[in-house]
>>> print(open('query.txt').read())   # compact mmCIF, C-alpha atoms and all ligand atoms
# COMPACT_ATOMS: atom_id res chain seq x y z
CA MET N 14 44.20 10.24 -55.71
CA PRO N 15 41.09 11.04 -57.77
CA TRP N 16 37.78 11.94 -56.02
CA GLY N 17 35.54 9.31 -57.52
CA PRO N 18 34.70 7.31 -60.60
CA ASP N 19 32.13 9.55 -62.40
CA MET N 20 33.60 12.99 -62.76
CA HIS N 21 32.21 15.67 -65.05
CA ASP N 22 31.99 19.44 -64.72
CA VAL N 23 32.89 20.79 -61.30
CA ILE N 24 32.24 24.01 -59.43
CA LEU N 25 34.70 25.53 -56.98
CA VAL N 26 33.14 27.11 -53.86
CA LEU N 27 35.31 29.61 -51.97
CA ASP N 28 34.93 31.23 -48.56
CA SER N 29 37.70 33.69 -47.72
CA GLY N 30 38.43 34.97 -44.26
CA SER N 31 41.12 37.41 -43.18
CA SER N 32 43.60 34.57 -42.60
CA SER N 33 42.03 31.60 -44.37
CA LEU N 34 40.70 30.42 -47.71
CA LYS N 35 38.22 27.55 -47.49
CA PHE N 36 37.26 25.67 -50.62
CA ALA N 37 34.93 22.92 -51.74
CA VAL N 38 34.58 21.14 -55.05
CA TYR N 39 31.09 20.26 -56.21
CA GLU N 40 30.24 17.98 -59.08
CA MET N 41 27.59 19.30 -61.45
CA ALA N 42 24.26 17.63 -61.27
CA VAL N 43 23.25 15.15 -63.91
CA GLY N 44 19.57 15.55 -64.75
CA SER N 45 17.75 16.59 -61.60
CA ALA N 46 20.26 15.08 -59.16
CA PRO N 47 21.55 17.47 -56.50
CA LEU N 48 25.12 18.69 -56.67
CA SER N 49 27.46 16.52 -54.68
CA ARG N 50 30.60 17.54 -52.84
CA LEU N 51 33.71 15.73 -54.05
CA ALA N 52 36.33 17.38 -51.89
CA HIS N 53 36.91 20.25 -49.51
CA GLY N 54 39.72 21.87 -47.60
CA GLN N 55 41.39 25.11 -46.68
CA VAL N 56 44.54 27.13 -46.49
CA GLU N 57 44.71 28.60 -43.01
CA GLY N 58 47.31 30.82 -41.35
CA LEU N 59 47.57 33.05 -44.42
CA GLY N 60 50.40 35.54 -44.20
CA ALA N 61 51.95 33.82 -41.17
CA HIS N 62 52.17 30.01 -41.33
CA PRO N 63 50.08 28.89 -44.30
CA HIS N 64 48.85 25.34 -43.89
CA PHE N 65 46.95 23.44 -46.59
CA THR N 66 44.57 20.57 -45.90
CA ALA N 67 42.17 18.73 -48.22
CA PHE N 68 39.62 15.99 -47.64
CA ASN N 69 37.53 13.78 -49.89
CA ALA N 70 33.75 13.36 -49.75
CA GLU N 71 34.01 10.80 -46.96
CA GLY N 72 36.14 13.14 -44.87
CA HIS N 73 39.40 11.26 -45.42
CA ARG N 74 42.44 13.49 -45.47
CA LEU N 75 43.93 13.72 -48.97
CA ASP N 76 46.56 16.32 -48.26
CA ASP N 77 48.18 18.09 -45.34
CA SER N 78 51.13 20.37 -46.01
CA LEU N 79 52.82 23.47 -44.73
CA LEU N 80 53.33 26.10 -47.43
CA PRO N 81 56.27 28.47 -47.67
CA VAL N 82 55.59 31.95 -46.27
CA ASP N 83 55.71 34.04 -49.45
CA GLY N 84 55.52 37.43 -47.73
CA SER N 85 53.44 38.88 -50.57
CA ALA N 86 50.97 41.67 -50.00
CA ASN N 87 48.19 39.35 -51.13
CA PRO N 88 48.48 35.99 -49.39
CA HIS N 89 45.11 35.00 -50.90
CA GLU N 90 46.90 34.84 -54.24
CA GLN N 91 49.29 32.21 -52.95
CA ALA N 92 46.40 30.33 -51.34
CA MET N 93 44.40 30.41 -54.57
CA GLY N 94 47.42 29.17 -56.50
CA THR N 95 47.75 26.27 -54.05
CA VAL N 96 44.08 25.32 -54.35
CA LEU N 97 44.15 25.47 -58.17
CA ALA N 98 47.37 23.46 -58.35
CA TRP N 99 45.85 20.87 -56.06
CA LEU N 100 42.73 20.69 -58.22
CA GLN N 101 44.88 20.26 -61.31
CA ALA N 102 46.90 17.50 -59.68
CA HIS N 103 43.76 15.64 -58.63
CA ARG N 104 42.04 15.76 -61.98
CA ASP N 105 41.83 12.45 -63.76
CA GLY N 106 40.92 13.88 -67.14
CA THR N 107 37.20 13.24 -66.92
CA HIS N 108 36.17 16.51 -65.30
CA ARG N 109 36.82 20.19 -65.73
CA LEU N 110 36.40 23.31 -63.64
CA VAL N 111 33.52 25.29 -65.17
CA ALA N 112 32.76 28.04 -62.64
CA ALA N 113 33.44 29.34 -59.13
CA GLY N 114 31.25 30.80 -56.41
CA HIS N 115 32.33 33.03 -53.53
CA ARG N 116 30.80 33.75 -50.19
CA VAL N 117 30.72 37.54 -50.00
CA VAL N 118 29.58 39.06 -46.74
CA HIS N 119 28.03 42.28 -48.01
CA GLY N 120 25.75 42.88 -50.95
CA GLY N 121 24.43 46.14 -49.49
CA MET N 122 21.13 47.35 -50.92
CA LEU N 123 22.39 46.55 -54.41
CA PHE N 124 22.31 42.77 -54.41
CA ALA N 125 19.29 40.75 -53.33
CA SER N 126 20.46 37.58 -55.07
CA PRO N 127 23.67 35.96 -56.34
CA VAL N 128 25.33 37.79 -59.21
CA ARG N 129 27.82 36.89 -61.90
CA ILE N 130 30.96 38.92 -61.33
CA ASP N 131 32.24 41.30 -63.98
CA GLY N 132 34.34 44.45 -63.77
CA GLU N 133 31.37 46.63 -62.86
CA VAL N 134 30.09 44.27 -60.15
CA LEU N 135 33.57 44.11 -58.66
CA LEU N 136 33.74 47.91 -58.44
CA GLN N 137 30.31 47.95 -56.77
CA LEU N 138 31.49 45.34 -54.27
CA ASP N 139 34.57 47.47 -53.57
CA THR N 140 32.31 50.33 -52.50
CA LEU N 141 30.69 48.03 -49.92
CA SER N 142 34.03 47.24 -48.25
CA SER N 143 33.60 50.19 -45.91
CA LEU N 144 30.43 48.53 -44.55
CA ALA N 145 32.32 45.33 -43.65
CA PRO N 146 36.01 46.27 -43.49
CA LEU N 147 37.07 43.04 -41.79
CA HIS N 148 35.16 40.62 -43.99
CA GLN N 149 34.59 42.08 -47.45
CA PRO N 150 38.19 42.71 -48.59
CA PRO N 151 39.41 39.09 -48.26
CA ALA N 152 36.58 37.86 -50.51
CA LEU N 153 37.39 40.51 -53.09
CA ARG N 154 41.07 39.60 -52.94
CA ALA N 155 40.18 35.96 -53.59
CA ILE N 156 37.95 36.92 -56.53
CA ARG N 157 40.74 39.01 -58.07
CA ALA N 158 43.34 36.32 -57.44
CA LEU N 159 41.18 33.77 -59.27
CA GLN N 160 40.50 36.23 -62.09
CA ALA N 161 44.23 36.75 -62.49
CA LYS N 162 44.89 33.02 -62.70
CA LEU N 163 41.84 31.97 -64.76
CA PRO N 164 40.48 35.09 -66.49
CA GLU N 165 37.89 33.15 -68.49
CA LEU N 166 36.38 31.29 -65.54
CA PRO N 167 32.87 32.56 -64.67
CA GLN N 168 32.64 33.64 -61.03
CA VAL N 169 29.54 34.27 -58.92
CA ALA N 170 29.19 36.27 -55.70
CA CYS N 171 26.72 34.99 -53.10
CA PHE N 172 25.87 37.36 -50.28
CA ASP N 173 25.25 36.87 -46.58
CA THR N 174 22.99 39.92 -46.62
CA ALA N 175 20.85 39.00 -49.65
CA PHE N 176 18.36 36.72 -47.88
CA HIS N 177 17.35 39.59 -45.60
CA ARG N 178 16.41 41.99 -48.39
CA THR N 179 12.84 40.72 -48.00
CA GLN N 180 12.58 42.29 -44.54
CA PRO N 181 9.94 44.99 -44.39
CA GLU N 182 11.34 48.51 -44.46
CA VAL N 183 10.56 49.05 -40.78
CA ALA N 184 12.69 46.03 -39.82
CA GLN N 185 15.66 47.47 -41.73
CA ALA N 186 15.46 50.98 -40.31
CA TYR N 187 17.36 52.62 -37.47
CA ALA N 188 15.81 55.66 -35.79
CA LEU N 189 18.58 57.87 -37.12
CA PRO N 190 18.32 60.96 -39.30
CA ARG N 191 17.08 59.97 -42.73
CA SER N 192 20.23 61.24 -44.43
CA LEU N 193 22.18 58.47 -42.67
CA SER N 194 19.81 55.69 -43.66
CA ASP N 195 19.88 57.04 -47.22
CA GLU N 196 23.66 56.61 -47.05
CA GLY N 197 23.20 52.93 -46.18
CA ILE N 198 23.26 52.92 -42.38
CA ARG N 199 20.52 50.37 -41.88
CA ARG N 200 19.96 46.85 -40.64
CA TYR N 201 21.27 44.45 -43.27
CA GLY N 202 21.46 41.17 -41.38
CA PHE N 203 23.94 38.35 -42.02
CA HIS N 204 24.22 34.52 -42.09
CA GLY N 205 21.88 34.72 -45.06
CA LEU N 206 23.36 31.72 -46.89
CA SER N 207 22.69 29.56 -43.85
CA TYR N 208 19.15 30.91 -43.51
CA GLN N 209 18.50 30.31 -47.17
CA TYR N 210 19.59 26.70 -46.85
CA ILE N 211 17.37 26.15 -43.79
CA SER N 212 14.41 27.93 -45.40
CA GLN N 213 14.66 25.59 -48.41
CA THR N 214 14.68 22.50 -46.22
CA LEU N 215 11.78 23.59 -44.00
CA PRO N 216 8.98 21.91 -46.03
CA GLN N 217 10.74 18.57 -45.63
CA PHE N 218 10.47 18.86 -41.84
CA LEU N 219 7.50 21.14 -41.19
CA GLY N 220 5.20 20.38 -44.12
CA GLU N 221 2.62 23.17 -44.48
CA LYS N 222 3.92 24.95 -41.40
CA ALA N 223 7.11 25.71 -43.34
CA SER N 224 5.48 28.85 -44.66
CA GLY N 225 4.32 29.85 -41.17
CA LYS N 226 6.12 31.85 -38.47
CA VAL N 227 9.51 30.26 -37.98
CA VAL N 228 12.54 31.49 -36.07
CA VAL N 229 15.89 30.00 -37.09
CA ALA N 230 18.69 30.22 -34.52
CA HIS N 231 22.11 30.03 -36.22
CA LEU N 232 24.31 29.51 -33.17
CA GLY N 233 27.99 29.14 -34.03
CA ASN N 234 31.05 31.26 -33.26
CA GLY N 235 29.05 33.95 -34.98
CA ALA N 236 25.43 33.75 -33.85
CA SER N 237 22.19 35.28 -35.01
CA MET N 238 18.50 34.53 -35.33
CA CYS N 239 16.12 35.13 -38.19
CA GLY N 240 12.34 35.38 -38.05
CA MET N 241 10.82 33.99 -41.25
CA GLN N 242 7.37 33.91 -42.72
CA GLY N 243 6.63 32.35 -46.09
CA GLN N 244 10.26 31.07 -45.89
CA ARG N 245 11.47 34.65 -46.26
CA SER N 246 13.33 36.84 -43.80
CA MET N 247 11.07 39.22 -41.88
CA ALA N 248 13.47 40.26 -39.09
CA THR N 249 16.91 39.33 -37.84
CA THR N 250 19.11 40.02 -34.85
CA MET N 251 22.19 41.27 -36.69
CA GLY N 252 22.02 44.76 -38.09
CA PHE N 253 24.43 47.13 -39.80
CA THR N 254 27.30 44.85 -38.85
CA ALA N 255 27.68 41.29 -37.60
CA LEU N 256 28.24 42.64 -34.07
CA ASP N 257 24.61 43.09 -33.11
CA GLY N 258 22.17 40.71 -31.43
CA LEU N 259 23.22 37.55 -29.63
CA VAL N 260 26.29 36.95 -27.51
CA MET N 261 28.91 35.32 -29.77
CA GLY N 262 32.28 33.59 -29.37
CA THR N 263 34.23 36.85 -29.22
CA ARG N 264 31.65 39.47 -30.26
CA CYS N 265 29.53 41.38 -27.78
CA GLY N 266 26.13 41.28 -29.49
CA ASN N 267 23.51 43.82 -28.46
CA LEU N 268 25.18 46.81 -26.79
CA ASP N 269 24.06 50.29 -25.78
CA PRO N 270 25.88 52.61 -28.22
CA GLY N 271 26.52 54.80 -25.18
CA VAL N 272 29.09 52.22 -24.09
CA VAL N 273 31.08 52.88 -27.26
CA LEU N 274 30.96 56.62 -26.60
CA HIS N 275 32.09 56.03 -23.04
CA LEU N 276 35.01 53.87 -24.18
CA ILE N 277 36.15 56.62 -26.54
CA ASP N 278 35.39 59.73 -24.46
CA GLN N 279 36.16 58.56 -20.96
CA LYS N 280 38.61 55.72 -21.42
CA GLY N 281 40.42 57.20 -24.41
CA LEU N 282 40.23 54.11 -26.62
CA SER N 283 40.93 54.59 -30.31
CA PRO N 284 38.42 53.35 -32.93
CA ALA N 285 40.80 50.44 -33.68
CA GLN N 286 40.93 49.50 -29.99
CA VAL N 287 37.15 49.65 -29.67
CA SER N 288 36.82 47.48 -32.75
CA GLU N 289 39.29 44.92 -31.37
CA LEU N 290 37.44 44.90 -28.04
CA LEU N 291 33.96 44.43 -29.49
CA TYR N 292 34.86 41.95 -32.27
CA LYS N 293 37.62 39.91 -30.69
CA GLN N 294 37.70 40.25 -26.91
CA SER N 295 34.05 40.20 -25.92
CA GLY N 296 31.26 37.61 -26.05
CA LEU N 297 31.81 34.22 -24.42
CA LEU N 298 35.57 34.87 -24.31
CA GLY N 299 35.26 38.26 -22.64
CA VAL N 300 32.71 37.21 -20.03
CA SER N 301 34.36 33.89 -19.17
CA GLY N 302 37.93 35.13 -19.37
CA LEU N 303 38.59 31.57 -20.50
CA SER N 304 37.49 30.68 -24.02
CA SER N 305 35.26 31.58 -26.94
CA ASP N 306 34.50 27.90 -27.42
CA LEU N 307 31.25 26.79 -25.84
CA ARG N 308 32.49 23.22 -25.40
CA GLU N 309 35.32 24.43 -23.18
CA LEU N 310 32.96 26.55 -21.12
CA LEU N 311 30.52 23.69 -20.66
CA GLY N 312 33.43 21.62 -19.38
CA SER N 313 34.58 24.29 -16.92
CA ASP N 314 33.22 24.73 -13.41
CA THR N 315 34.39 28.31 -12.94
CA GLY N 316 31.68 30.81 -12.06
CA ALA N 317 32.74 33.08 -14.91
CA ALA N 318 32.36 30.28 -17.50
CA GLN N 319 28.90 29.47 -16.18
CA GLU N 320 27.94 33.16 -16.26
CA ALA N 321 29.05 33.40 -19.87
CA ILE N 322 26.77 30.49 -20.82
CA GLU N 323 23.92 31.96 -18.77
CA LEU N 324 24.25 35.27 -20.60
CA PHE N 325 24.40 33.51 -23.98
CA VAL N 326 21.17 31.67 -23.17
CA TYR N 327 19.48 34.74 -21.67
CA ARG N 328 20.17 36.86 -24.73
CA ALA N 329 18.96 34.09 -27.04
CA VAL N 330 15.72 33.79 -25.04
CA ARG N 331 15.13 37.55 -25.21
CA GLU N 332 15.84 37.74 -28.93
CA LEU N 333 13.56 34.77 -29.59
CA GLY N 334 10.75 36.58 -27.77
CA SER N 335 11.49 39.73 -29.74
CA LEU N 336 11.39 37.91 -33.10
CA ALA N 337 8.14 36.15 -32.11
CA ALA N 338 6.75 39.64 -31.43
CA ALA N 339 7.96 40.87 -34.83
CA LEU N 340 6.30 37.87 -36.51
CA GLY N 341 3.14 38.16 -34.40
CA GLY N 342 3.44 34.56 -33.18
CA LEU N 343 5.55 31.45 -33.54
CA ASP N 344 4.92 28.09 -35.20
CA ALA N 345 8.40 26.59 -35.09
CA LEU N 346 11.96 27.16 -33.91
CA VAL N 347 14.98 25.69 -35.68
CA PHE N 348 18.46 25.33 -34.18
CA THR N 349 21.46 25.17 -36.51
CA ALA N 350 25.29 25.70 -36.72
CA GLY N 351 27.93 24.39 -34.28
CA ILE N 352 26.18 25.13 -30.98
CA GLY N 353 22.64 24.81 -32.34
CA GLU N 354 23.33 21.43 -33.92
CA HIS N 355 25.47 19.90 -31.18
CA SER N 356 24.74 21.36 -27.76
CA ALA N 357 21.70 19.64 -26.26
CA GLU N 358 22.31 21.58 -23.04
CA VAL N 359 22.11 25.03 -24.62
CA ARG N 360 19.03 24.03 -26.65
CA GLN N 361 17.39 22.69 -23.52
CA ARG N 362 18.06 25.86 -21.54
CA ILE N 363 16.79 28.13 -24.32
CA CYS N 364 13.66 26.00 -24.77
CA GLU N 365 12.91 25.73 -21.06
CA GLN N 366 13.14 29.48 -20.63
CA SER N 367 10.85 29.89 -23.66
CA ARG N 368 8.07 27.62 -22.45
CA TRP N 369 5.75 30.61 -22.30
CA LEU N 370 5.85 30.70 -26.11
CA GLY N 371 4.34 27.21 -26.23
CA ILE N 372 7.52 25.12 -26.41
CA GLU N 373 7.32 21.72 -24.71
CA LEU N 374 10.69 20.05 -25.03
CA ASP N 375 11.14 16.28 -25.38
CA PRO N 376 14.42 15.86 -23.41
CA GLN N 377 15.19 12.46 -24.91
CA ALA N 378 14.71 13.65 -28.51
CA ASN N 379 16.84 16.68 -27.65
CA ALA N 380 19.63 14.50 -26.27
CA GLN N 381 19.56 12.58 -29.56
CA HIS N 382 19.69 15.85 -31.56
CA GLY N 383 16.24 15.52 -33.11
CA PRO N 384 15.43 16.35 -35.80
CA CYS N 385 12.22 17.20 -33.88
CA ILE N 386 12.96 17.86 -30.19
CA THR N 387 9.53 18.83 -28.90
CA ALA N 388 6.86 16.60 -27.38
CA ALA N 389 3.92 15.49 -29.52
CA GLY N 390 1.27 18.20 -29.28
CA SER N 391 3.72 20.97 -28.39
CA PRO N 392 2.08 24.16 -29.76
CA VAL N 393 5.45 25.26 -31.15
CA SER N 394 7.64 22.56 -32.70
CA VAL N 395 11.42 22.78 -32.32
CA TRP N 396 13.92 21.25 -34.73
CA VAL N 397 17.63 20.62 -35.15
CA ILE N 398 18.61 20.98 -38.81
CA PRO N 399 22.27 21.00 -39.93
CA THR N 400 23.05 23.95 -42.17
CA ASN N 401 25.06 23.87 -45.40
CA GLU N 402 26.11 27.27 -46.73
CA GLU N 403 28.50 25.80 -49.30
CA SER N 404 25.76 23.92 -51.10
CA VAL N 405 23.71 27.13 -51.39
CA ILE N 406 26.67 28.72 -53.17
CA ALA N 407 27.21 25.71 -55.45
CA ASP N 408 23.51 25.71 -56.37
CA ALA N 409 23.59 29.43 -57.06
CA VAL N 410 26.59 29.05 -59.37
CA ALA N 411 24.88 26.24 -61.26
CA ARG N 412 21.78 28.41 -61.67
CA VAL N 413 23.42 31.73 -62.50
CA VAL N 414 26.23 30.55 -64.76
CA LEU N 415 25.12 27.26 -66.11
CA GLY N 416 21.35 27.72 -66.14
CA SER N 417 20.86 24.47 -64.22
CA VAL N 418 17.41 23.95 -62.71
CA ALA N 419 18.63 21.23 -60.36
P1 LIG N 501 31.58 29.17 -37.11
O1 LIG N 501 30.68 30.34 -36.84
O2 LIG N 501 33.04 29.47 -36.90
O3 LIG N 501 31.28 28.42 -38.39
P2 LIG N 501 30.57 26.78 -35.80
O4 LIG N 501 29.23 26.79 -36.45
O5 LIG N 501 31.53 25.72 -36.19
O6 LIG N 501 31.26 28.19 -35.89
O7 LIG N 501 30.32 26.70 -34.22
C1 LIG N 501 31.37 26.72 -33.32
C2 LIG N 501 30.79 26.61 -31.91
O8 LIG N 501 30.06 25.38 -31.81
C3 LIG N 501 31.85 26.59 -30.82
O9 LIG N 501 31.44 27.42 -29.73
C4 LIG N 501 31.85 25.14 -30.38
O10 LIG N 501 32.19 25.00 -29.03
C5 LIG N 501 30.41 24.76 -30.58
N1 LIG N 501 30.27 23.31 -30.66
C6 LIG N 501 30.69 22.48 -31.64
N2 LIG N 501 30.44 21.19 -31.30
C7 LIG N 501 29.87 21.21 -30.08
C8 LIG N 501 29.40 20.23 -29.17
N3 LIG N 501 29.47 18.92 -29.47
N4 LIG N 501 28.87 20.64 -28.00
C9 LIG N 501 28.80 21.93 -27.70
N5 LIG N 501 29.23 22.92 -28.49
C10 LIG N 501 29.76 22.57 -29.66
>>> encode(input="query.txt", output="structure tokens")
Amino acid sequence: MPWGPDMHDVILVLDSGSSSLKFAVYEMAVGSAPLSRLAHGQVEGLGAHPHFTAFNAEGHRLDDSLLPVDGSANPHEQAMGTVLAWLQAHRDGTHRLVAAGHRVVHGGMLFASPVRIDGEVLLQLDTLSSLAPLHQPPALRAIRALQAKLPELPQVACFDTAFHRTQPEVAQAYALPRSLSDEGIRRYGFHGLSYQYISQTLPQFLGEKASGKVVVAHLGNGASMCGMQGQRSMATTMGFTALDGLVMGTRCGNLDPGVVLHLIDQKGLSPAQVSELLYKQSGLLGVSGLSSDLRELLGSDTGAAQEAIELFVYRAVRELGSLAAALGGLDALVFTAGIGEHSAEVRQRICEQSRWLGIELDPQANAQHGPCITAAGSPVSVWVIPTNEESVIADAVARVVLGSVA
């Protein structure tokens, strides 16, 4: 089944996790029209039970199949082959794949904007794998798998860290010996593609205030906040890794580093065990003992589930206050991502506990998910804006490779 009647050049957007490869197909803009998504899908369960699904622009399922377990050392290669074969099968002759863009977690200090990938860039990205050992390697495997299959296809890397390179030096520094910060142990910040998308849409909602002091709360399984001024990142809650800051689905967020020392010295945990604990067994899951999924916790009446939500909200309120302090004030707050876009209850609790900042919630607007959820005349306006990281990548590819100004 083809995607639509008017197909031309298309861009493939890829987001690789340790056990999944998500993809989206964007049609190139004609004139100044924005890029539009024709299809999307994923291969999940890589290495174990690979499962391919694909959907068209309206969200109708086009494909749903279990793939054979190939047992190769690089399951992303199989996944990439599946995606490319599917693209080929769904072509109707009027469009062609002209470039691909990848979400890459870490651009380190080297990359402050998307970059076209060549051999040298790939080697530089390899050196950053040690800064994000769980997240960087899958993206690099996907890039190499695509290179192997389509060596001539231009590929672009888009970084979750890049948006935060505008933070002032003091916001990026840890109070560690200078030799360590010179080595790259500093606050990078993440979720940058989401923040970039929101920052671009701010004028549409906030008008002139878009360039004011705005905190964006990206609350999903991974959660962080970013304080912006002039639509640029000035401070963010995640630091050297995506563990810092808010309580997340399974990650602990802000933690005294003394706890890590205690776990190693007194409890005898290995580095791998500490990593597993902090990344996968903490956060909402660890505190509730029930689930990392906020919806499940909201539906549960156990004390532990309620405590997990209370801690999530408490940490968000504290970090919001901290970012307002870093910005020297607050004009607007934006909620985005799964929890931010969909949970009126969590938004309400964060806003009510942040009244001192000048937030006057409009409960009815909040229940209807906005876009503006504060009362008329509220000194700080609060908004619900859906994020779209994929479209940031597609736009970047069009700009970097194809010179599009759309
Ligand atoms: P990821 O970081 O994996 O992209 P998402 O942005 O999809 O995560 O957010 C997932 C979180 O959003 C989960 O905790 C989920 O419970 C929560 N969520 C999604 N929809 C709702 C909803 N309608 N009400 C409350 N929470 C929701």
>>> closest_residue(input="query.txt", among="N:Met93, N:Ala255, N:Leu100, N:Leu80", to="Leu144 in chain N", atoms="only C-alpha atoms")
N:Ala255
>>> closest_residue(input="query.txt", among="N:Ala152, N:Cys239, N:Ile198, N:Val134", to="Ser335 in chain N", atoms="only C-alpha atoms")
N:Cys239
>>> residues_near_point(input="query.txt", point="(19.0, 22.9, -40.6)", cutoff="12 Å", atoms="all atoms listed in the file", output="JSON, numbers by chain")
{"N": [206, 207, 208, 209, 210, 211, 212, 213, 214, 215, 216, 217, 218, 219, 228, 229, 230, 231, 232, 346, 347, 348, 349, 350, 351, 353, 354, 355, 382, 383, 384, 385, 395, 396, 397, 398, 399, 400, 401, 402]}
>>> residues_near_ligand(input="query.txt", ligand="ligand LIG 501 (chain N)", cutoff="6 Å", atoms="only C-alpha atoms and all ligand atoms", output="MDAnalysis selection string")
chainID N and resid 233:235 306:308 350:352 355:356
>>> residues_around(input="query.txt", residues="range 297-300 of chain N", least_positions_apart="2", cutoff="10 Å", atoms="all atoms listed in the file", output="VMD selection string")
chain N and resid 234 260 to 265 290 to 291 293 to 295 302 to 307 310 317 to 325
>>> write_last_selection(input="query.txt", atoms="C-alpha atoms", output="PDB file, in the frame of the given file")
ATOM      1  CA  ASN N 234      31.050  31.260 -33.260  1.00  0.00           C
ATOM      2  CA  VAL N 260      26.290  36.950 -27.510  1.00  0.00           C
ATOM      3  CA  MET N 261      28.910  35.320 -29.770  1.00  0.00           C
ATOM      4  CA  GLY N 262      32.280  33.590 -29.370  1.00  0.00           C
ATOM      5  CA  THR N 263      34.230  36.850 -29.220  1.00  0.00           C
ATOM      6  CA  ARG N 264      31.650  39.470 -30.260  1.00  0.00           C
ATOM      7  CA  CYS N 265      29.530  41.380 -27.780  1.00  0.00           C
ATOM      8  CA  LEU N 290      37.440  44.900 -28.040  1.00  0.00           C
ATOM      9  CA  LEU N 291      33.960  44.430 -29.490  1.00  0.00           C
ATOM     10  CA  LYS N 293      37.620  39.910 -30.690  1.00  0.00           C
ATOM     11  CA  GLN N 294      37.700  40.250 -26.910  1.00  0.00           C
ATOM     12  CA  SER N 295      34.050  40.200 -25.920  1.00  0.00           C
ATOM     13  CA  GLY N 302      37.930  35.130 -19.370  1.00  0.00           C
ATOM     14  CA  LEU N 303      38.590  31.570 -20.500  1.00  0.00           C
ATOM     15  CA  SER N 304      37.490  30.680 -24.020  1.00  0.00           C
ATOM     16  CA  SER N 305      35.260  31.580 -26.940  1.00  0.00           C
ATOM     17  CA  ASP N 306      34.500  27.900 -27.420  1.00  0.00           C
ATOM     18  CA  LEU N 307      31.250  26.790 -25.840  1.00  0.00           C
ATOM     19  CA  LEU N 310      32.960  26.550 -21.120  1.00  0.00           C
ATOM     20  CA  ALA N 317      32.740  33.080 -14.910  1.00  0.00           C
ATOM     21  CA  ALA N 318      32.360  30.280 -17.500  1.00  0.00           C
ATOM     22  CA  GLN N 319      28.900  29.470 -16.180  1.00  0.00           C
ATOM     23  CA  GLU N 320      27.940  33.160 -16.260  1.00  0.00           C
ATOM     24  CA  ALA N 321      29.050  33.400 -19.870  1.00  0.00           C
ATOM     25  CA  ILE N 322      26.770  30.490 -20.820  1.00  0.00           C
ATOM     26  CA  GLU N 323      23.920  31.960 -18.770  1.00  0.00           C
ATOM     27  CA  LEU N 324      24.250  35.270 -20.600  1.00  0.00           C
ATOM     28  CA  PHE N 325      24.400  33.510 -23.980  1.00  0.00           C
TER      29      PHE N 325
END
